[in-house]
Amino acid sequence: MHFSWLSEKPPTPEATWADHSYYFRPQYYKVTVSERDHAERPNVYFNEAIIPENQGLNGCDFMPLNFQSSFFIVTHQAEVKMPSGKVDKPIIQDNRDGTVSVKYDPREEGSHELVVKYNGEPVQGSPFKFHVDSIASGYVTAYGPGLTHGVTGEPANFTISTKGANTGGLTMAVEGPSKADINYHNNKDGTVSVQYLPTAPGEYQVSVRFGDKHIKGSPYVAKITGEGRKRNQISVGSCSEVTMPGDITDEDLRALNASIQAPSGLEEPCFLKRMPTGNIGISFTPREIGEHMVSVKRLGKHINNSPFKVTVCEREVGDAKKVKVSGAGLKEGQTHSDNVFSVDTRNAGFGGLSVSIEGPSKAEIQCTDKDDGTLNISYKPTEPGYYIVNLKFADHHVDGSPFTVKVAGEGSNRKREKIQRERDAVPITEIGSQCKLTFKMPGITSFDLAACVTSPSNVTEDAEIQEVEDGLYSVHFVPKELGVHTVSVRYSEMHIPGSPFQFTVGPLRDSGSHLVKAGGSGLERGVVGEAAEFNVWTREAGGGSLAISVEGPSKADIEFKDRKDGSCDVAYKVTEPGEYRVGLKFNDRHIPDSPFKVYVSPDAGDAHKLEVQQFPQGNIQADAPYQFMVRKNGAKGELDAKIVAPSGTDDDCFIQVIDSEMYSVRFYPRENGIHAIHVKFNGVHIPDSPFRIKVGKDVADPAAVHATGNGLDEVKTGHKADFIINTCNAGVGTLAVSIDGPSKVAMDCTEVEEGYKVRYTPLLPGEHYITVKYNNMHIVGSPFRVHASGESLADEGAQETSTVIVETVQKVAKGGKNTGVHLPTFKSDASKVVSKGMGLKKAYMGKQNQFSISATEAGNNILYVGMYGPKGPCEEFHVKHAGHNNYNVQYLVRDRGQYVLIIKWGEDHIPGSPFQIDV
């Protein structure tokens, strides 16, 4: 008797495009937070109002001959520059309420400038420009503060007056960084009162036209000041998915990349992913109707059947006009409560929905998916004022967007202090000159500091570190070539905050806020009543003004020290504990990673008594437990500790009481890289906490990562751009690439031989900032500023961010096999090597024969010397480097006959080589 059963599964039918193409709408959320300012947004909103008939304006004799503009600013000093170039003093009156009025009677026609200073520093928005007209110059004039200045979120007012002007079109327009609603009122006395509401800082052009002609002085430029708007954004994705025929392993999937070309020629990267059926799907957002071509390539070559055709029909293309929005949250809101509105995208096809909210505070956004295809979105602001809500679907604004919402209620009573300093550009550094980079790190032993400099041709040399004064250090080196050098400064083998630094020798290639660096303990933590210190390096950014602000539960006392070499150090003190934000702006734009969130703990209490003992030294590995001791020294209270990994995840440490004086703290690192261990006593960091510790031996080194490619230079909208991130010999780590620009970009990242290739397609012209971080530290040059030119393929809105994160694998440079050695790029000239000595012409058996080689003038390279005789290689050969590329060579021969001596400097023979030597 025997049994039989079927062991084979029935074969899965191979998928074809036609069978398995289906669309679905996953709701995945991505929250990005950015507080870059409107100054970075080139987009301009235009709003116009037409007064239908100028009733009541005719035959009116009222006409202001000159006017008094009042500016309410805390000040001590003001002056007016007249059109003739003369300087006049206005009257300053103290209003006894913390403000002063500046009053001025103009004596000339034309454009004037008012400069207002407080404690010798120009106030925000100064100089203010205003135009003065006389009665004789025409019919229609305009006057009032709204033509020269204003504050975000507050109505700006001005008046238009006409004298005997015939009925005709009077039009007003306001153009600027935000949509400004215009309201007007006809006063029936020959004047019209106008009010507009700017909701973002920047310059606004206010045009007043009468009968298609600008009135005199129009367009007026009004400077609207106000602290930068804070922004929050969330994206909800929905894409179409198409299944690819054939069988593909997971290994293959990593090596494949796909892109889709629309009928108009727009080409974007798209994603490949494993489908529930086991086949591979391609995920993309359909933007156009018609036949699309999908190319799938492995290492640059099309796979079988690629390119494929996919047909997109009308109902699948995302259409923002068909999105329905409703709810009170788009009209008005309350602070500290959830303001709700709903979005219905059921009939709008496929596309991602992005919501960004900007205003006086960073409003927390939440999104709930009601399973009927509609979404409820709520936001919770903490400060009252005007907020702008941008709602985009498939990269286009939905009807009514951007919405301006008035939020009422109590604020969070946060106080703010700001200082501003002018920074001069540092003189250009020449080859061979002494270069210096300064930083302050109080409370460390200089013994554990080390620095090295890598030149543009990849030659790394140690640099000298000097202690200038207590806690202030400078790195010195002498460059041998022009271009961008990488300066790495390490403390206990770990990069200090801000390192690796970019240091340009010769003229700067770029300038701007994105090249400013900041780092130090004062950007991570603080204690009430104690100075929190950090460094700012503006050398690479050129000249400009640096503004430092501290915002939180109490006012801050800020001190600033300029080192005159492109670096400065800052210290601030606060009187209340809590969460503070330290904002750093250069030329009115936030620097990378600003604003920094700092938790200031209450007065240290007993925490300063504790000390750490037996902290692990040397190589510690992931996935193994380690411990250290904490001695209380008589302090009373509770100890707690956590470990924060490079990826940002944190994990509690296990604390055990050993006796009344000692704790044991056990931690368990789970990934490679630099971890921070926070040890707090009664909620306050103990001395030197957080402790930094290196886990794993091939720890990722951001200084060894380089990015190159045309995607980092100039790019065109609608065209795919790419760049390569070389991670050879940089160890294993987390690579995070984000692109911040006027709209979201489709981007992907695939593995290539030397590292990773990132591809993206910009949709809007303007500045894009590409940030490349390795284990959470910027690589040199990051963020890269990339200018996109071309047509707009999406609607402008708030700045948007796209991100891709990859866990890297070990990469080794070509030719290095598994040794992980990367040969530097040498610059040398073998023809300048000089050799001399008897041993180059004649040799004696059994004796030491000598000659010398001098390559001082020949650049840097490796010396190769070899000798071959009648019976094989020469027996003994000694090469000794005597410094400055001078070498002494000795050799010993035991056989008679002819020998060949070869001397190479790098790949090339030196003059005279190969030498023939008779023995």
# chains A, B, ... in the order shown; residues from 1 in each chain; ligands from 1
>>> residues_around(residues="stretch 677-688 of chain A", least_positions_apart="3", cutoff="7 Å", atoms="only C-alpha atoms", output="compact mmCIF listing (two decimals) with N, CA, C and O atoms, in the first residue's frame")
# COMPACT_ATOMS: atom_id res chain seq x y z
N SER A 601 17.59 73.02 31.47
CA SER A 601 17.10 72.38 32.69
C SER A 601 17.21 73.36 33.86
O SER A 601 17.96 74.33 33.80
N PRO A 602 16.41 73.11 34.92
CA PRO A 602 16.43 74.02 36.07
C PRO A 602 17.82 74.06 36.70
O PRO A 602 18.69 73.28 36.35
N ALA A 604 21.09 73.52 38.47
CA ALA A 604 21.67 72.18 38.53
C ALA A 604 21.40 71.43 39.85
O ALA A 604 21.39 70.21 39.88
N ALA A 607 23.02 67.91 40.88
CA ALA A 607 23.51 67.12 39.73
C ALA A 607 25.01 67.28 39.51
O ALA A 607 25.67 66.36 39.03
N HIS A 608 25.55 68.46 39.89
CA HIS A 608 26.98 68.70 39.60
C HIS A 608 27.89 67.84 40.47
O HIS A 608 29.08 67.74 40.22
N LEU A 610 27.64 64.56 40.86
CA LEU A 610 27.79 63.18 40.38
C LEU A 610 28.98 63.05 39.44
O LEU A 610 29.30 63.97 38.69
N GLY A 637 18.47 62.24 45.31
CA GLY A 637 17.50 62.36 44.23
C GLY A 637 17.47 61.12 43.35
O GLY A 637 17.98 60.07 43.72
N GLU A 638 16.86 61.29 42.16
CA GLU A 638 16.65 60.16 41.24
C GLU A 638 17.56 60.28 40.04
O GLU A 638 17.71 61.36 39.46
N LEU A 639 18.12 59.11 39.60
CA LEU A 639 18.97 59.08 38.40
C LEU A 639 18.17 58.44 37.27
O LEU A 639 17.47 57.45 37.49
N ASP A 640 18.25 59.01 36.05
CA ASP A 640 17.70 58.28 34.90
C ASP A 640 18.64 58.45 33.72
O ASP A 640 19.40 59.42 33.65
N ALA A 641 18.63 57.47 32.81
CA ALA A 641 19.56 57.50 31.68
C ALA A 641 18.92 56.89 30.45
O ALA A 641 18.09 55.99 30.55
N LYS A 642 19.29 57.44 29.26
CA LYS A 642 18.82 56.84 28.00
C LYS A 642 19.95 56.93 26.99
O LYS A 642 20.86 57.76 27.12
N ILE A 643 19.88 56.06 25.97
CA ILE A 643 20.89 56.05 24.91
C ILE A 643 20.22 56.43 23.60
O ILE A 643 19.16 55.90 23.28
N VAL A 644 20.80 57.41 22.88
CA VAL A 644 20.22 57.86 21.61
C VAL A 644 21.14 57.40 20.47
O VAL A 644 22.32 57.72 20.44
N PHE A 691 27.09 61.85 27.07
CA PHE A 691 28.38 61.25 26.76
C PHE A 691 28.30 60.64 25.37
O PHE A 691 27.36 59.92 25.07
N ARG A 692 29.32 60.94 24.53
CA ARG A 692 29.30 60.36 23.17
C ARG A 692 30.18 59.12 23.15
O ARG A 692 31.25 59.09 23.73
>>> closest_residue(among="A:Asp606, A:Asp918, A:Asp701, A:Glu464", to="A:His495", atoms="only C-alpha atoms")
A:Asp701
>>> closest_residue(among="A:Gly718, A:Pro742, A:Pro402, A:Pro198", to="A:Ser264", atoms="only C-alpha atoms")
A:Gly718
>>> atom_distance(atom1="atom CA of A:Asp344", atom2="atom CA of A:Gly329")
15.0 Å
>>> select_by_dssp(residues="stretch 156-367 of chain A", states="strand (DSSP E or B)", output="PyMOL selection string")
chain A and resi 156-162+170-176+181-186+191-197+202-210+213-214+220-225+230-237+240-244+256-261+267-274+280-284+290-298+301-302+308-312+317+324-326+332-334+339-344+350+353-359+364-367
>>> closest_residue(among="A:Gly400, A:Pro500, A:Pro384, A:Gly733", to="A:Glu154", atoms="only C-alpha atoms")
A:Pro384
>>> atom_distance(atom1="atom CA of A:Val80", atom2="atom CA of A:Asp105")
10.4 Å
>>> residues_around(residues="A:Leu515", least_positions_apart="4", cutoff="9 Å", atoms="only C-alpha atoms", output="number ranges by chain")
A: 502, 510-511, 537-542, 591-592, 781-784
>>> write_last_selection(atoms="all heavy atoms", output="short mmCIF file (atom, residue, chain, number, x, y, z; two decimals), in the first residue's frame")
data_model
loop_
_atom_site.label_atom_id
_atom_site.label_comp_id
_atom_site.auth_asym_id
_atom_site.auth_seq_id
_atom_site.Cartn_x
_atom_site.Cartn_y
_atom_site.Cartn_z
N GLN A 502 34.15 72.58 5.57
CA GLN A 502 34.60 72.91 4.22
C GLN A 502 35.52 74.12 4.35
O GLN A 502 35.21 75.06 5.08
CB GLN A 502 33.37 73.25 3.38
CG GLN A 502 33.70 73.77 2.00
CD GLN A 502 32.43 73.95 1.17
OE1 GLN A 502 31.52 73.15 1.23
NE2 GLN A 502 32.38 75.01 0.40
N ASP A 510 30.78 79.63 -4.07
CA ASP A 510 29.37 79.93 -3.81
C ASP A 510 29.36 80.69 -2.48
O ASP A 510 30.33 80.66 -1.73
CB ASP A 510 28.58 78.61 -3.68
CG ASP A 510 27.08 78.83 -3.68
OD1 ASP A 510 26.65 79.98 -3.91
OD2 ASP A 510 26.33 77.87 -3.44
N SER A 511 28.27 81.39 -2.18
CA SER A 511 28.17 82.04 -0.88
C SER A 511 26.71 82.00 -0.47
O SER A 511 25.85 81.71 -1.28
CB SER A 511 28.68 83.48 -0.97
OG SER A 511 27.87 84.18 -1.90
N TRP A 537 30.52 79.39 12.23
CA TRP A 537 31.57 79.59 11.21
C TRP A 537 30.91 80.16 9.95
O TRP A 537 30.12 79.48 9.31
CB TRP A 537 32.26 78.26 10.87
CG TRP A 537 33.00 77.65 12.03
CD1 TRP A 537 34.30 77.88 12.40
CD2 TRP A 537 32.51 76.68 12.98
NE1 TRP A 537 34.63 77.13 13.51
CE2 TRP A 537 33.56 76.38 13.88
CE3 TRP A 537 31.28 76.03 13.15
CZ2 TRP A 537 33.42 75.48 14.93
CZ3 TRP A 537 31.13 75.13 14.20
CH2 TRP A 537 32.19 74.86 15.08
N THR A 538 31.24 81.41 9.61
CA THR A 538 30.62 82.04 8.43
C THR A 538 31.63 82.22 7.30
O THR A 538 31.29 82.79 6.27
CB THR A 538 30.06 83.44 8.79
OG1 THR A 538 31.15 84.24 9.27
CG2 THR A 538 28.99 83.36 9.85
N ARG A 539 32.85 81.72 7.47
CA ARG A 539 33.91 81.97 6.49
C ARG A 539 33.51 81.62 5.07
O ARG A 539 33.71 82.38 4.14
CB ARG A 539 35.16 81.17 6.89
CG ARG A 539 36.33 81.39 5.99
CD ARG A 539 37.46 80.42 6.26
NE ARG A 539 38.58 80.74 5.41
CZ ARG A 539 38.69 80.37 4.14
NH1 ARG A 539 37.74 79.65 3.58
NH2 ARG A 539 39.74 80.72 3.42
N GLU A 540 32.90 80.43 4.89
CA GLU A 540 32.58 79.95 3.54
C GLU A 540 31.39 80.68 2.91
O GLU A 540 31.14 80.56 1.72
CB GLU A 540 32.25 78.44 3.59
CG GLU A 540 33.44 77.57 3.93
CD GLU A 540 34.49 77.56 2.83
OE1 GLU A 540 34.19 77.13 1.72
OE2 GLU A 540 35.63 78.00 3.08
N ALA A 541 30.64 81.42 3.74
CA ALA A 541 29.40 82.04 3.24
C ALA A 541 29.63 83.45 2.71
O ALA A 541 28.71 84.06 2.18
CB ALA A 541 28.37 82.06 4.36
N GLY A 542 30.86 83.99 2.86
CA GLY A 542 31.11 85.35 2.38
C GLY A 542 30.64 86.37 3.42
O GLY A 542 30.40 86.04 4.57
N ILE A 591 20.13 79.28 8.64
CA ILE A 591 21.24 78.42 8.23
C ILE A 591 20.76 76.97 8.35
O ILE A 591 19.72 76.72 8.96
CB ILE A 591 22.50 78.68 9.09
CG1 ILE A 591 22.33 78.10 10.50
CG2 ILE A 591 22.82 80.16 9.17
CD1 ILE A 591 23.65 77.97 11.25
N PRO A 592 21.49 75.97 7.79
CA PRO A 592 21.03 74.58 7.89
C PRO A 592 20.77 74.16 9.33
O PRO A 592 21.51 74.53 10.23
CB PRO A 592 22.20 73.78 7.29
CG PRO A 592 22.88 74.73 6.38
CD PRO A 592 22.71 76.09 6.99
N GLY A 781 30.17 70.36 1.87
CA GLY A 781 29.43 70.96 0.74
C GLY A 781 27.93 70.91 0.94
O GLY A 781 27.19 71.61 0.25
N SER A 782 27.46 70.07 1.86
CA SER A 782 26.01 69.95 2.08
C SER A 782 25.57 71.04 3.04
O SER A 782 26.27 71.30 4.02
CB SER A 782 25.69 68.58 2.66
OG SER A 782 24.42 68.54 3.24
N PRO A 783 24.40 71.68 2.81
CA PRO A 783 23.52 71.48 1.66
C PRO A 783 24.06 72.18 0.40
O PRO A 783 24.64 73.26 0.50
CB PRO A 783 22.20 72.14 2.12
CG PRO A 783 22.56 73.02 3.25
CD PRO A 783 23.86 72.60 3.80
N PHE A 784 23.87 71.51 -0.76
CA PHE A 784 24.31 72.05 -2.05
C PHE A 784 23.17 72.93 -2.59
O PHE A 784 22.02 72.53 -2.55
CB PHE A 784 24.58 70.92 -3.04
CG PHE A 784 25.66 69.98 -2.60
CD1 PHE A 784 25.36 68.88 -1.80
CD2 PHE A 784 26.97 70.17 -2.98
CE1 PHE A 784 26.34 68.00 -1.37
CE2 PHE A 784 27.98 69.30 -2.56
CZ PHE A 784 27.66 68.21 -1.75
#
>>> residues_around(residues="A:Leu197", least_positions_apart="6", cutoff="10 Å", atoms="only C-alpha atoms", output="PyMOL selection string")
chain A and resi 146+150-157+174+178-183+386+404
>>> residues_around(residues="A:Val657", least_positions_apart="5", cutoff="10 Å", atoms="only C-alpha atoms", output="PyMOL selection string")
chain A and resi 629-630+639+662-665
>>> write_last_selection(atoms="N, CA and C atoms", output="PDB file, in the first residue's frame")
ATOM      1  N   MET A 629      29.683  53.059  35.880  1.00  0.00           N
ATOM      2  CA  MET A 629      29.245  53.377  37.239  1.00  0.00           C
ATOM      3  C   MET A 629      29.016  54.875  37.383  1.00  0.00           C
ATOM      4  N   VAL A 630      28.080  55.238  38.267  1.00  0.00           N
ATOM      5  CA  VAL A 630      27.871  56.651  38.599  1.00  0.00           C
ATOM      6  C   VAL A 630      27.955  56.783  40.113  1.00  0.00           C
ATOM      7  N   LEU A 639      18.121  59.113  39.599  1.00  0.00           N
ATOM      8  CA  LEU A 639      18.967  59.085  38.397  1.00  0.00           C
ATOM      9  C   LEU A 639      18.169  58.437  37.271  1.00  0.00           C
ATOM     10  N   MET A 662      26.608  54.352  44.976  1.00  0.00           N
ATOM     11  CA  MET A 662      26.933  53.933  43.606  1.00  0.00           C
ATOM     12  C   MET A 662      25.725  53.407  42.854  1.00  0.00           C
ATOM     13  N   TYR A 663      25.644  53.811  41.566  1.00  0.00           N
ATOM     14  CA  TYR A 663      24.686  53.209  40.638  1.00  0.00           C
ATOM     15  C   TYR A 663      25.475  52.475  39.564  1.00  0.00           C
ATOM     16  N   SER A 664      24.863  51.399  39.022  1.00  0.00           N
ATOM     17  CA  SER A 664      25.427  50.786  37.813  1.00  0.00           C
ATOM     18  C   SER A 664      24.442  51.079  36.681  1.00  0.00           C
ATOM     19  N   VAL A 665      24.944  51.549  35.532  1.00  0.00           N
ATOM     20  CA  VAL A 665      24.083  51.865  34.377  1.00  0.00           C
ATOM     21  C   VAL A 665      24.457  50.930  33.230  1.00  0.00           C
TER      22      VAL A 665
END
